[in-house]
file start31.cif (mmCIF, C-alpha atoms and all ligand atoms)
data_run
loop_
_atom_site.label_atom_id
_atom_site.label_comp_id
_atom_site.auth_asym_id
_atom_site.auth_seq_id
_atom_site.Cartn_x
_atom_site.Cartn_y
_atom_site.Cartn_z
CA MET A 1 77.83 62.21 63.02
CA SER A 2 81.27 62.73 64.48
CA LEU A 3 82.02 64.93 67.49
CA ASP A 4 84.36 67.94 67.33
CA PHE A 5 86.46 66.69 70.27
CA LEU A 6 86.52 63.52 72.32
CA VAL A 7 88.42 63.56 75.60
CA HIS A 8 88.91 59.84 75.82
CA ARG A 9 89.46 57.39 78.68
CA ILE A 10 89.51 59.69 81.71
CA PRO A 11 90.11 57.28 84.61
CA LEU A 12 88.35 59.49 87.20
CA LEU A 13 85.96 62.33 86.39
CA LEU A 14 84.62 64.41 89.29
CA THR A 15 81.54 65.85 87.61
CA MET A 16 80.29 67.78 90.67
CA ASP A 17 76.86 67.13 89.13
CA PRO A 18 74.26 68.04 91.79
CA SER A 19 72.07 65.13 90.70
CA ARG A 20 74.84 62.66 91.62
CA ASP A 21 76.19 61.74 95.06
CA GLY A 22 79.37 63.15 96.55
CA LEU A 23 81.65 64.67 93.94
CA GLY A 24 79.71 62.98 91.14
CA ASP A 25 82.55 60.52 90.50
CA MET A 26 82.56 58.59 87.21
CA HIS A 27 85.23 56.06 86.21
CA ASP A 28 86.76 55.35 82.79
CA VAL A 29 84.63 57.87 80.97
CA SER A 30 84.91 60.01 77.87
CA VAL A 31 83.56 63.50 77.29
CA GLY A 32 82.65 64.74 73.81
CA PHE A 33 82.07 68.28 72.60
CA THR A 34 80.25 69.46 69.48
CA ASP A 35 79.42 73.06 68.56
CA GLY A 36 80.50 74.29 71.97
CA GLU A 37 78.30 71.90 73.93
CA ILE A 38 78.66 68.57 75.68
CA SER A 39 77.60 65.93 73.15
CA TYR A 40 78.75 62.81 74.99
CA LEU A 41 79.45 61.98 78.64
CA GLY A 42 79.61 58.28 79.35
CA PRO A 43 81.56 55.03 79.27
CA SER A 44 84.75 55.17 77.20
CA LEU A 45 83.88 51.91 75.46
CA GLN A 46 80.71 53.39 73.92
CA ALA A 47 82.17 56.75 72.95
CA PRO A 48 81.35 57.91 69.41
CA LYS A 49 83.95 58.93 66.84
CA ALA A 50 85.38 62.44 66.84
CA LYS A 51 87.40 64.70 64.56
CA GLN A 52 89.98 65.16 67.32
CA VAL A 53 90.68 62.70 70.14
CA ILE A 54 92.54 63.72 73.30
CA ASP A 55 94.02 61.07 75.54
CA GLY A 56 92.68 61.48 79.08
CA ARG A 57 94.64 58.59 80.59
CA GLY A 58 96.63 59.39 83.74
CA THR A 59 94.54 62.45 84.63
CA ILE A 60 91.63 63.45 86.84
CA GLY A 61 88.88 65.35 85.03
CA LEU A 62 86.87 68.14 86.63
CA PRO A 63 84.55 70.91 85.49
CA GLY A 64 86.45 74.12 84.70
CA LEU A 65 87.24 75.78 88.02
CA VAL A 66 85.35 78.89 89.14
CA ASP A 67 87.03 81.74 91.04
CA PRO A 68 84.12 83.55 92.71
CA HIS A 69 86.00 86.61 94.08
CA THR A 70 88.84 88.56 92.47
CA HIS A 71 89.99 92.14 92.18
CA SER A 72 92.10 91.32 89.14
CA VAL A 73 92.00 94.69 87.35
CA TRP A 74 94.60 96.98 88.93
CA ALA A 75 97.67 99.01 88.16
CA GLY A 76 100.68 99.88 90.32
CA SER A 77 102.43 98.01 93.09
CA ARG A 78 101.91 97.47 96.82
CA ALA A 79 105.39 96.03 97.49
CA ASN A 80 106.06 98.81 99.97
CA GLU A 81 102.87 98.05 101.88
CA PHE A 82 103.86 94.38 101.98
CA ARG A 83 107.10 95.40 103.71
CA ARG A 84 105.20 97.63 106.17
CA ARG A 85 102.80 94.85 107.07
CA LEU A 86 105.67 92.40 107.53
CA ALA A 87 107.15 94.96 109.93
CA GLY A 88 103.94 94.88 111.97
CA GLU A 89 101.63 97.63 110.67
CA SER A 90 98.00 96.61 110.32
CA TYR A 91 96.05 96.49 107.04
CA THR A 92 93.33 98.80 108.43
CA ARG A 93 95.82 101.37 109.77
CA ILE A 94 97.55 101.57 106.42
CA LEU A 95 94.16 102.03 104.70
CA GLU A 96 93.02 104.66 107.21
CA GLY A 97 96.32 106.49 106.62
CA GLY A 98 95.56 106.86 102.90
CA GLY A 99 97.53 103.81 101.67
CA GLY A 100 96.33 100.29 100.92
CA ILE A 101 93.34 100.25 98.58
CA LEU A 102 93.75 104.03 98.07
CA SER A 103 97.27 103.70 96.69
CA THR A 104 95.99 101.20 94.11
CA VAL A 105 93.16 103.63 93.31
CA ALA A 106 95.68 106.36 92.47
CA ALA A 107 97.66 104.04 90.17
CA THR A 108 94.53 102.61 88.51
CA ARG A 109 93.04 106.04 87.82
CA ALA A 110 96.31 107.06 86.15
CA ALA A 111 96.52 103.92 83.97
CA THR A 112 95.34 103.81 80.36
CA LYS A 113 92.63 101.40 79.29
CA GLN A 114 95.28 99.56 77.28
CA ALA A 115 97.53 99.17 80.33
CA LEU A 116 94.69 97.82 82.48
CA ASP A 117 93.70 95.45 79.71
CA THR A 118 97.22 94.06 79.29
CA ARG A 119 97.64 93.45 83.02
CA LEU A 120 94.22 91.83 83.39
CA ARG A 121 94.67 89.53 80.41
CA GLY A 122 98.04 88.35 81.74
CA ARG A 123 96.43 87.48 85.07
CA LEU A 124 93.48 85.72 83.42
CA ALA A 125 95.81 83.71 81.18
CA ARG A 126 97.69 82.43 84.22
CA MET A 127 94.42 81.43 85.92
CA CYS A 128 93.31 79.66 82.76
CA ALA A 129 96.55 77.69 82.63
CA ARG A 130 95.64 76.40 86.11
CA GLY A 131 92.21 75.23 84.95
CA VAL A 132 90.04 78.23 85.90
CA THR A 133 87.39 78.87 83.23
CA THR A 134 85.06 81.29 85.06
CA VAL A 135 86.32 84.30 86.99
CA GLU A 136 84.48 87.01 88.88
CA VAL A 137 86.19 90.39 88.40
CA LYS A 138 85.35 93.46 90.48
CA SER A 139 85.80 97.16 89.93
CA GLY A 140 86.62 99.16 93.07
CA TYR A 141 90.00 100.73 92.33
CA GLY A 142 88.43 103.61 90.42
CA LEU A 143 86.07 105.13 92.97
CA ASN A 144 84.96 107.66 90.37
CA PRO A 145 82.45 107.12 87.57
CA GLU A 146 84.93 107.04 84.66
CA THR A 147 87.47 104.68 86.19
CA GLU A 148 84.88 102.32 87.67
CA ALA A 149 83.26 102.02 84.23
CA ARG A 150 86.66 101.60 82.55
CA MET A 151 87.55 98.71 84.87
CA LEU A 152 84.26 96.93 84.19
CA GLY A 153 84.53 97.51 80.45
CA VAL A 154 88.02 96.04 80.34
CA ALA A 155 86.85 93.02 82.34
CA ARG A 156 83.82 92.41 80.12
CA GLU A 157 85.93 92.59 76.96
CA ALA A 158 88.57 90.24 78.35
CA GLY A 159 85.89 87.69 79.22
CA ALA A 160 84.56 87.73 75.67
CA ALA A 161 88.03 86.81 74.35
CA SER A 162 89.76 83.46 74.61
CA GLY A 163 90.55 82.44 78.20
CA PRO A 164 88.19 82.28 81.16
CA ARG A 165 84.68 83.74 80.93
CA VAL A 166 84.30 86.75 83.17
CA THR A 167 81.40 87.84 85.34
CA THR A 168 81.68 91.43 86.54
CA THR A 169 80.88 93.08 89.86
CA PHE A 170 80.51 96.79 90.54
CA LEU A 171 82.36 97.76 93.74
CA GLY A 172 82.24 101.55 93.77
CA ALA A 173 81.78 101.11 97.54
CA HIS A 174 85.24 99.62 98.13
CA THR A 175 86.39 102.52 100.31
CA LEU A 176 85.94 106.28 100.56
CA PRO A 177 88.14 108.10 98.03
CA ALA A 178 90.46 110.79 99.45
CA GLU A 179 88.58 113.69 97.82
CA PHE A 180 85.40 112.72 99.74
CA ARG A 181 87.16 112.18 103.10
CA ASN A 182 85.05 114.85 104.77
CA ASN A 183 81.88 114.19 102.88
CA ARG A 184 80.80 110.55 103.12
CA ASP A 185 77.20 111.22 102.21
CA ALA A 186 78.17 112.92 98.97
CA TYR A 187 80.23 109.89 97.92
CA VAL A 188 77.39 107.47 98.71
CA ARG A 189 75.11 109.70 96.63
CA GLN A 190 77.62 109.71 93.78
CA ILE A 191 77.71 105.89 93.83
CA ILE A 192 73.93 105.67 93.72
CA ASP A 193 73.13 108.57 91.38
CA VAL A 194 76.12 108.66 89.01
CA GLN A 195 78.30 105.55 89.19
CA LEU A 196 75.50 102.98 89.25
CA PRO A 197 73.63 104.23 86.16
CA MET A 198 76.95 104.21 84.25
CA CYS A 199 78.25 100.92 85.62
CA ALA A 200 75.13 98.75 85.97
CA PRO A 201 74.99 97.94 82.23
CA LEU A 202 78.57 96.64 82.50
CA ALA A 203 78.03 94.59 85.66
CA ASP A 204 76.28 91.41 86.77
CA SER A 205 76.50 92.00 90.54
CA ILE A 206 76.98 94.73 93.11
CA ASP A 207 79.29 94.43 96.12
CA VAL A 208 80.16 96.63 99.11
CA TYR A 209 83.02 96.57 101.58
CA CYS A 210 81.13 97.04 104.82
CA ASP A 211 83.79 97.42 107.50
CA ARG A 212 85.92 99.72 109.58
CA GLY A 213 87.76 102.05 107.21
CA ALA A 214 85.08 101.52 104.55
CA PHE A 215 81.24 101.69 104.67
CA SER A 216 78.74 101.44 107.54
CA LEU A 217 75.86 98.98 107.65
CA ASP A 218 73.30 101.66 106.75
CA GLU A 219 75.40 103.01 103.87
CA SER A 220 75.96 99.47 102.60
CA LYS A 221 72.25 98.63 102.72
CA ALA A 222 71.36 101.75 100.72
CA ILE A 223 74.03 101.00 98.10
CA LEU A 224 73.05 97.34 97.71
CA ALA A 225 69.36 98.24 97.46
CA ALA A 226 70.17 100.76 94.72
CA GLY A 227 72.12 98.07 92.85
CA GLN A 228 69.21 95.71 93.20
CA ALA A 229 66.96 98.33 91.62
CA HIS A 230 69.32 98.16 88.61
CA LYS A 231 68.79 94.35 88.52
CA LEU A 232 72.25 93.54 89.83
CA LYS A 233 72.83 90.47 91.99
CA VAL A 234 73.79 91.38 95.54
CA ARG A 235 76.91 90.29 97.47
CA ALA A 236 79.12 91.78 100.17
CA HIS A 237 82.59 91.82 101.73
CA ALA A 238 81.30 90.85 105.14
CA GLU A 239 82.52 90.55 108.72
CA GLN A 240 86.21 90.68 107.79
CA VAL A 241 87.89 93.15 110.15
CA GLU A 242 84.97 94.05 112.40
CA HIS A 243 81.55 92.48 112.87
CA THR A 244 78.93 94.79 111.31
CA GLY A 245 75.90 92.56 110.71
CA ILE A 246 76.14 92.92 106.92
CA ALA A 247 76.23 89.16 106.32
CA ALA A 248 72.75 88.66 107.80
CA THR A 249 71.44 91.85 106.18
CA ALA A 250 72.74 90.94 102.72
CA ALA A 251 71.41 87.39 103.07
CA GLN A 252 67.98 88.79 103.90
CA MET A 253 68.18 91.01 100.82
CA GLY A 254 68.72 87.89 98.69
CA ALA A 255 72.51 88.04 98.28
CA THR A 256 73.94 85.17 96.26
CA CYS A 257 76.96 85.13 98.58
CA VAL A 258 78.79 86.92 101.35
CA ASP A 259 82.57 86.81 101.51
CA HIS A 260 85.45 86.74 104.06
CA LEU A 261 83.40 86.09 107.26
CA GLU A 262 86.28 85.86 109.72
CA ARG A 263 84.07 87.64 112.32
CA LEU A 264 80.72 86.00 111.40
CA ASP A 265 78.55 85.41 114.50
CA ASP A 266 75.92 82.75 115.20
CA ALA A 267 73.06 84.98 114.01
CA GLY A 268 74.96 85.47 110.75
CA VAL A 269 75.42 81.74 110.29
CA ALA A 270 71.70 81.19 110.93
CA ALA A 271 70.77 83.89 108.38
CA LEU A 272 72.96 82.35 105.68
CA ALA A 273 71.33 78.98 106.31
CA GLN A 274 67.83 80.48 106.30
CA TYR A 275 68.23 82.38 103.03
CA GLY A 276 70.40 79.85 101.19
CA THR A 277 73.31 82.29 100.84
CA THR A 278 76.70 80.87 99.92
CA ALA A 279 79.64 81.63 102.22
CA VAL A 280 82.76 82.51 100.22
CA LEU A 281 85.97 81.72 102.08
CA LEU A 282 89.10 83.67 101.14
CA PRO A 283 92.04 81.90 102.76
CA GLY A 284 94.59 84.02 100.87
CA ALA A 285 93.47 87.13 102.79
CA GLN A 286 93.45 85.18 106.03
CA LEU A 287 97.03 84.05 105.35
CA TYR A 288 98.45 87.43 104.32
CA LEU A 289 96.67 89.33 107.12
CA ARG A 290 97.63 86.61 109.61
CA ASP A 291 93.97 86.42 110.58
CA THR A 292 91.88 83.75 112.27
CA PRO A 293 89.54 81.50 110.22
CA PRO A 294 85.79 81.94 109.68
CA PRO A 295 83.51 79.62 111.72
CA VAL A 296 83.66 76.75 109.23
CA ALA A 297 82.39 74.04 111.62
CA LYS A 298 79.28 76.13 112.37
CA LEU A 299 78.68 76.86 108.68
CA ARG A 300 78.97 73.14 107.93
CA GLU A 301 76.64 72.19 110.76
CA ALA A 302 74.06 74.73 109.59
CA GLY A 303 74.26 73.38 106.03
CA VAL A 304 75.57 76.63 104.50
CA PRO A 305 77.22 75.98 101.10
CA MET A 306 80.87 77.03 101.17
CA ALA A 307 82.83 78.32 98.19
CA VAL A 308 86.52 79.23 98.03
CA GLY A 309 87.94 82.23 96.15
CA SER A 310 91.38 83.70 95.59
CA ASP A 311 90.44 87.33 96.43
CA LEU A 312 93.28 88.11 94.02
CA ASN A 313 94.34 91.71 94.73
CA PRO A 314 97.65 93.53 95.20
CA GLY A 315 97.14 94.13 98.94
CA SER A 316 95.42 91.67 101.24
CA SER A 317 95.61 88.62 98.96
CA PRO A 318 98.22 88.66 96.18
CA VAL A 319 97.29 85.06 95.47
CA HIS A 320 96.89 83.99 91.85
CA ASP A 321 96.39 80.25 92.20
CA LEU A 322 92.94 78.87 93.00
CA TRP A 323 94.36 75.38 93.60
CA ALA A 324 96.56 76.85 96.35
CA CYS A 325 93.44 78.46 97.83
CA ALA A 326 91.71 75.07 97.96
CA THR A 327 94.72 73.71 99.84
CA LEU A 328 94.77 76.68 102.23
CA ALA A 329 91.01 76.40 102.82
CA ALA A 330 91.62 72.84 103.95
CA VAL A 331 94.79 73.44 105.98
CA LEU A 332 94.02 76.87 107.50
CA GLN A 333 90.23 76.84 107.63
CA GLY A 334 89.28 73.21 108.17
CA LEU A 335 87.54 72.20 104.95
CA THR A 336 87.61 68.53 103.96
CA VAL A 337 89.14 67.54 100.62
CA GLU A 338 85.65 67.19 99.17
CA GLU A 339 84.46 70.55 100.54
CA ALA A 340 87.55 72.28 99.16
CA LEU A 341 86.99 70.79 95.68
CA MET A 342 83.29 71.64 95.78
CA GLY A 343 84.30 75.13 96.92
CA ILE A 344 86.28 75.91 93.75
CA THR A 345 83.70 74.37 91.42
CA ARG A 346 79.97 73.95 91.98
CA ASN A 347 79.62 76.08 95.12
CA ALA A 348 81.68 78.85 93.50
CA GLY A 349 79.20 78.86 90.61
CA ARG A 350 76.38 79.00 93.12
CA ALA A 351 78.05 81.95 94.87
CA LEU A 352 77.94 83.80 91.55
CA GLY A 353 74.30 82.92 90.94
CA MET A 354 75.45 81.02 87.82
CA ASP A 355 73.84 77.61 87.90
CA ASP A 356 75.48 76.23 84.74
CA VAL A 357 79.14 76.57 85.76
CA GLY A 358 81.25 74.51 88.17
CA TRP A 359 79.78 71.12 87.27
CA LEU A 360 79.54 68.85 84.25
CA GLY A 361 76.39 67.22 82.98
CA SER A 362 73.18 67.84 81.14
CA GLY A 363 72.51 71.61 81.39
CA SER A 364 76.04 72.68 82.29
CA VAL A 365 78.50 74.66 80.19
CA ALA A 366 81.07 72.59 78.27
CA ASP A 367 84.06 73.43 80.50
CA LEU A 368 86.42 70.56 81.35
CA VAL A 369 89.88 70.47 82.85
CA LEU A 370 92.24 67.51 82.93
CA MET A 371 94.65 67.62 85.88
CA ARG A 372 97.86 65.64 86.28
CA VAL A 373 98.37 64.62 89.91
CA PRO A 374 101.93 64.84 91.29
CA PRO A 375 104.15 61.92 90.20
CA GLY A 376 103.69 58.87 92.40
CA GLU A 377 100.38 60.06 93.87
CA PRO A 378 97.18 58.03 93.43
CA LEU A 379 94.36 59.16 91.14
CA GLU A 380 92.12 60.25 94.01
CA PRO A 381 90.67 63.62 95.06
CA ALA A 382 93.18 64.25 97.90
CA SER A 383 96.03 64.20 95.38
CA LEU A 384 94.56 67.33 93.81
CA ILE A 385 95.05 69.54 96.85
CA GLN A 386 97.73 67.93 99.03
CA HIS A 387 100.72 69.50 97.26
CA LEU A 388 100.79 73.32 97.31
CA GLY A 389 101.53 74.64 93.82
CA LEU A 390 100.38 71.47 92.03
CA PRO A 391 98.62 69.79 90.25
CA ASP A 392 99.27 70.84 86.64
CA ALA A 393 96.52 71.22 84.09
CA ALA A 394 97.06 69.10 80.98
CA TRP A 395 94.04 70.41 79.03
CA VAL A 396 91.53 73.18 79.66
CA PHE A 397 88.28 73.41 77.66
CA ARG A 398 85.91 76.37 77.80
CA ASP A 399 82.63 76.10 75.89
CA GLY A 400 83.80 72.91 74.20
CA VAL A 401 87.11 74.17 72.82
CA PRO A 402 90.65 74.08 74.26
CA VAL A 403 91.43 77.54 75.66
CA CYS A 404 95.03 77.22 76.58
CA SER A 405 97.20 74.75 74.81
CA PRO A 406 99.61 72.73 76.95
CA ALA A 407 102.52 74.65 75.38
CA GLU A 408 101.18 77.94 76.76
CA LYS A 409 101.20 76.78 80.34
CA ALA A 410 103.49 79.15 82.12
CA ARG A 411 104.68 76.95 84.95
O1 LIG A 501 88.79 91.59 99.63
N1 LIG A 501 88.73 93.89 102.00
C1 LIG A 501 88.62 94.68 101.09
N2 LIG A 501 88.96 94.50 99.82
C2 LIG A 501 89.93 93.58 99.36
C3 LIG A 501 91.30 94.12 99.51
C4 LIG A 501 91.69 95.00 98.42
C5 LIG A 501 93.03 95.61 98.58
O2 LIG A 501 93.70 95.50 99.64
O3 LIG A 501 93.43 96.23 97.60
C6 LIG A 501 89.76 92.22 99.99
O4 LIG A 501 90.55 91.74 100.79
FE FE A 502 87.86 91.22 98.13
#
call {"tool": "encode", "arguments": {"input": "start31.cif", "output": "structure tokens"}}
result
Amino acid sequence: MSLDFLVHRIPLLLTMDPSRDGLGDMHDVSVGFTDGEISYLGPSLQAPKAKQVIDGRGTIGLPGLVDPHTHSVWAGSRANEFRRRLAGESYTRILEGGGGILSTVAATRAATKQALDTRLRGRLARMCARGVTTVEVKSGYGLNPETEARMLGVAREAGAASGPRVTTTFLGAHTLPAEFRNNRDAYVRQIIDVQLPMCAPLADSIDVYCDRGAFSLDESKAILAAGQAHKLKVRAHAEQVEHTGIAATAAQMGATCVDHLERLDDAGVAALAQYGTTAVLLPGAQLYLRDTPPPVAKLREAGVPMAVGSDLNPGSSPVHDLWACATLAAVLQGLTVEEALMGITRNAGRALGMDDVGWLGSGSVADLVLMRVPPGEPLEPASLIQHLGLPDAAWVFRDGVPVCSPAEKAR
């Protein structure tokens, strides 16, 4: 029997397989795909015949990358806010003044489904060209039942098409919409009683932004618990601007991950370790908000798994490139090369509660990316993240088929 595809003679494959040591390195291997599944993973010399053979020489192979945190459905522009922040205004002040997230909410509510779809698919195609095959996409720029559901619907449909698979997160609790400014309780009730029943069937997880300018710890707990009752996985934007205690609370509730964590305290670190919650680092937001890093050394010491996301959004992290985030997580936050690579693969899958993405082996999805290291650099893991803006993807497979041909790569 011949395979559908054989990716032949990959000099270094970082499988990220949890049953192997380190990054699961394998040398001079071939990977075969048949009917959307991995049908061979082993020495090149013993590889079976295939209908189509792809030359893997000169590349490093990895599982398809996983971006565990994006807000990639939005309309409008925040260029003006970017200027204001460069001139010294703070992110929270702009939000509290009715701008920031709220300005994107106004533009997203006004956009047609078609317009949201076109923008999202363009963003996903660019991620795919960089080797990302699984992307988490949140709602949260609707803040009313119709627009929240429209965002999730668009994301679900895009994930079913060619390009990265999409896992969706309901974030009706991103901030308080202007029309509820004087009636917080009524908005929390609307999330729980109206938005959730409409959005839960379109979502895999529920998220809250628990912070100054957004939701309190008690409000966040109630919203997450309601999501859990709808069988959604729990996660939270946690300890970003102010310490609230949400990281420990969400961990205790069984959150798959908590994200940001610039103000995480020792009790929070201990809770993540105790409950096996993944810490998602978002160095793009740290960079653009000129913030300080999360306590990475303490997370490492406590054995908390660390993932790295882009937090792609038009305000705090207009960062589209997950490879750049791996570099920034190393340079700005202190991750090792190996931690950064694990952060955009296996630990990112773990953050999403998806145990078959972010690694390659028996039981994983058939997602493989072949990366070309910068000219003159050795075929070793550090070459993948040393140069900001590189490496280039030569081939990207999702579910055993190429999802963006080399000609489509927009770089
Ligand atoms: O993850 N912190 C809250 N939410 C987003 C920002 C969204 C926005 O600014 O539009 C974040 O950084
Ligand atoms: Fe975010």
call {"tool": "residues_near_ligand", "arguments": {"input": "start31.cif", "ligand": "ligand LIG 501 (chain A)", "cutoff": "10 Å", "atoms": "all atoms listed in the file", "output": "short mmCIF file (atom, residue, chain, number, x, y, z; two decimals) with C-alpha atoms, in the frame of the given file"}}
result
data_model
loop_
_atom_site.label_atom_id
_atom_site.label_comp_id
_atom_site.auth_asym_id
_atom_site.auth_seq_id
_atom_site.Cartn_x
_atom_site.Cartn_y
_atom_site.Cartn_z
CA HIS A 69 86.00 86.61 94.08
CA THR A 70 88.84 88.56 92.47
CA HIS A 71 89.99 92.14 92.18
CA SER A 72 92.10 91.32 89.14
CA TRP A 74 94.60 96.98 88.93
CA ARG A 78 101.91 97.47 96.82
CA GLU A 81 102.87 98.05 101.88
CA TYR A 91 96.05 96.49 107.04
CA THR A 92 93.33 98.80 108.43
CA ILE A 94 97.55 101.57 106.42
CA LEU A 95 94.16 102.03 104.70
CA GLY A 99 97.53 103.81 101.67
CA GLY A 100 96.33 100.29 100.92
CA ILE A 101 93.34 100.25 98.58
CA LEU A 102 93.75 104.03 98.07
CA SER A 103 97.27 103.70 96.69
CA THR A 104 95.99 101.20 94.11
CA VAL A 105 93.16 103.63 93.31
CA LYS A 138 85.35 93.46 90.48
CA GLY A 140 86.62 99.16 93.07
CA TYR A 141 90.00 100.73 92.33
CA LEU A 171 82.36 97.76 93.74
CA HIS A 174 85.24 99.62 98.13
CA THR A 175 86.39 102.52 100.31
CA VAL A 208 80.16 96.63 99.11
CA TYR A 209 83.02 96.57 101.58
CA CYS A 210 81.13 97.04 104.82
CA ASP A 211 83.79 97.42 107.50
CA ARG A 212 85.92 99.72 109.58
CA GLY A 213 87.76 102.05 107.21
CA ALA A 214 85.08 101.52 104.55
CA ALA A 236 79.12 91.78 100.17
CA HIS A 237 82.59 91.82 101.73
CA ALA A 238 81.30 90.85 105.14
CA GLU A 239 82.52 90.55 108.72
CA GLN A 240 86.21 90.68 107.79
CA VAL A 241 87.89 93.15 110.15
CA ASP A 259 82.57 86.81 101.51
CA HIS A 260 85.45 86.74 104.06
CA LEU A 282 89.10 83.67 101.14
CA GLY A 284 94.59 84.02 100.87
CA ALA A 285 93.47 87.13 102.79
CA GLN A 286 93.45 85.18 106.03
CA TYR A 288 98.45 87.43 104.32
CA LEU A 289 96.67 89.33 107.12
CA SER A 310 91.38 83.70 95.59
CA ASP A 311 90.44 87.33 96.43
CA LEU A 312 93.28 88.11 94.02
CA ASN A 313 94.34 91.71 94.73
CA PRO A 314 97.65 93.53 95.20
CA GLY A 315 97.14 94.13 98.94
CA SER A 316 95.42 91.67 101.24
CA SER A 317 95.61 88.62 98.96
CA PRO A 318 98.22 88.66 96.18
#
call {"tool": "residues_around", "arguments": {"input": "start31.cif", "residues": "stretch 322-326 of chain A", "least_positions_apart": "5", "cutoff": "9 Å", "atoms": "all atoms listed in the file", "output": "MDAnalysis selection string"}}
result
chainID A and resid 65:67 127 130:132 282:284 308:310 331 335 337 339:341 343:344 384:385 387:391
call {"tool": "write_last_selection", "arguments": {"input": "start31.cif", "atoms": "C-alpha atoms", "output": "CSV table (one decimal), in the frame of the given file"}}
result
chain,number,residue,atom,x,y,z
A,65,LEU,CA,87.2,75.8,88.0
A,66,VAL,CA,85.4,78.9,89.1
A,67,ASP,CA,87.0,81.7,91.0
A,127,MET,CA,94.4,81.4,85.9
A,130,ARG,CA,95.6,76.4,86.1
A,131,GLY,CA,92.2,75.2,85.0
A,132,VAL,CA,90.0,78.2,85.9
A,282,LEU,CA,89.1,83.7,101.1
A,283,PRO,CA,92.0,81.9,102.8
A,284,GLY,CA,94.6,84.0,100.9
A,308,VAL,CA,86.5,79.2,98.0
A,309,GLY,CA,87.9,82.2,96.2
A,310,SER,CA,91.4,83.7,95.6
A,331,VAL,CA,94.8,73.4,106.0
A,335,LEU,CA,87.5,72.2,105.0
A,337,VAL,CA,89.1,67.5,100.6
A,339,GLU,CA,84.5,70.6,100.5
A,340,ALA,CA,87.6,72.3,99.2
A,341,LEU,CA,87.0,70.8,95.7
A,343,GLY,CA,84.3,75.1,96.9
A,344,ILE,CA,86.3,75.9,93.8
A,384,LEU,CA,94.6,67.3,93.8
A,385,ILE,CA,95.0,69.5,96.8
A,387,HIS,CA,100.7,69.5,97.3
A,388,LEU,CA,100.8,73.3,97.3
A,389,GLY,CA,101.5,74.6,93.8
A,390,LEU,CA,100.4,71.5,92.0
A,391,PRO,CA,98.6,69.8,90.2
call {"tool": "axis_aligned_box", "arguments": {"input": "start31.cif", "around": "stretch 367-385 of chain A", "padding_each_side": "8 Å", "output": "lines of an AutoDock Vina configuration file"}}
result
center_x = 94.1
center_y = 65.7
center_z = 89.2
size_x = 36.1
size_y = 31.4
size_z = 33.4
call {"tool": "atom_distance", "arguments": {"input": "start31.cif", "atom1": "atom CA of A:Glu242", "atom2": "atom CA of A:Ala279"}}
result
16.9 Å
call {"tool": "residues_around", "arguments": {"input": "start31.cif", "residues": "A:Lys51", "least_positions_apart": "6", "cutoff": "12 Å", "atoms": "only C-alpha atoms", "output": "VMD selection string"}}
result
chain A and resid 1 to 7 32 to 34
call {"tool": "atom_distance", "arguments": {"input": "start31.cif", "atom1": "atom CA of A:Lys298", "atom2": "atom CA of A:Val258"}}
result
15.4 Å
call {"tool": "closest_residue", "arguments": {"input": "start31.cif", "among": "A:Thr108, A:Thr169, A:Thr292, A:Thr118", "to": "ligand FE 502 (chain A)", "atoms": "only C-alpha atoms and all ligand atoms"}}
result
A:Thr169
call {"tool": "residues_near_point", "arguments": {"input": "start31.cif", "point": "(71.0, 95.4, 96.9)", "cutoff": "9 Å", "atoms": "only C-alpha atoms", "output": "ChimeraX atom specification"}}
result
/A:206-207,220-235,250,253-255
call {"tool": "closest_residue", "arguments": {"input": "start31.cif", "among": "A:Pro197, A:Pro375, A:Gly268, A:Gly349", "to": "A:Gly64", "atoms": "all atoms listed in the file"}}
result
A:Gly349
call {"tool": "closest_residue", "arguments": {"input": "start31.cif", "among": "A:Ile38, A:Leu261, A:Leu196, A:Ala125", "to": "ligand FE 502 (chain A)", "atoms": "only C-alpha atoms and all ligand atoms"}}
result
A:Leu261
call {"tool": "atom_distance", "arguments": {"input": "start31.cif", "atom1": "atom CA of A:Val365", "atom2": "atom CA of A:Glu37"}}
result
6.8 Å
call {"tool": "closest_residue", "arguments": {"input": "start31.cif", "among": "A:Ala75, A:Ala173, A:Leu152, A:Leu328", "to": "ligand FE 502 (chain A)", "atoms": "all atoms listed in the file"}}
result
A:Ala173
call {"tool": "residues_near_point", "arguments": {"input": "start31.cif", "point": "(89.1, 85.3, 76.7)", "cutoff": "12 Å", "atoms": "only C-alpha atoms", "output": "PyMOL selection string"}}
result
chain A and resi 117+120-128+132-135+154-167+397-399+401-404
call {"tool": "closest_residue", "arguments": {"input": "start31.cif", "among": "A:Leu281, A:Leu45, A:Ala79, A:Ile10", "to": "ligand FE 502 (chain A)", "atoms": "all atoms listed in the file"}}
result
A:Leu281
call {"tool": "closest_residue", "arguments": {"input": "start31.cif", "among": "A:Arg9, A:Met354, A:Met16, A:Arg83", "to": "A:Val53", "atoms": "all atoms listed in the file"}}
result
A:Arg9
call {"tool": "residues_around", "arguments": {"input": "start31.cif", "residues": "A:Leu12", "least_positions_apart": "6", "cutoff": "10 Å", "atoms": "all atoms listed in the file", "output": "list of chain:residue names"}}
result
A:Asp25, A:Met26, A:His27, A:Asp28, A:Val29, A:Ser30, A:Gly56, A:Arg57, A:Gly58, A:Thr59, A:Ile60, A:Gly61, A:Leu62, A:Leu370, A:Leu379, A:Glu380, A:Pro381
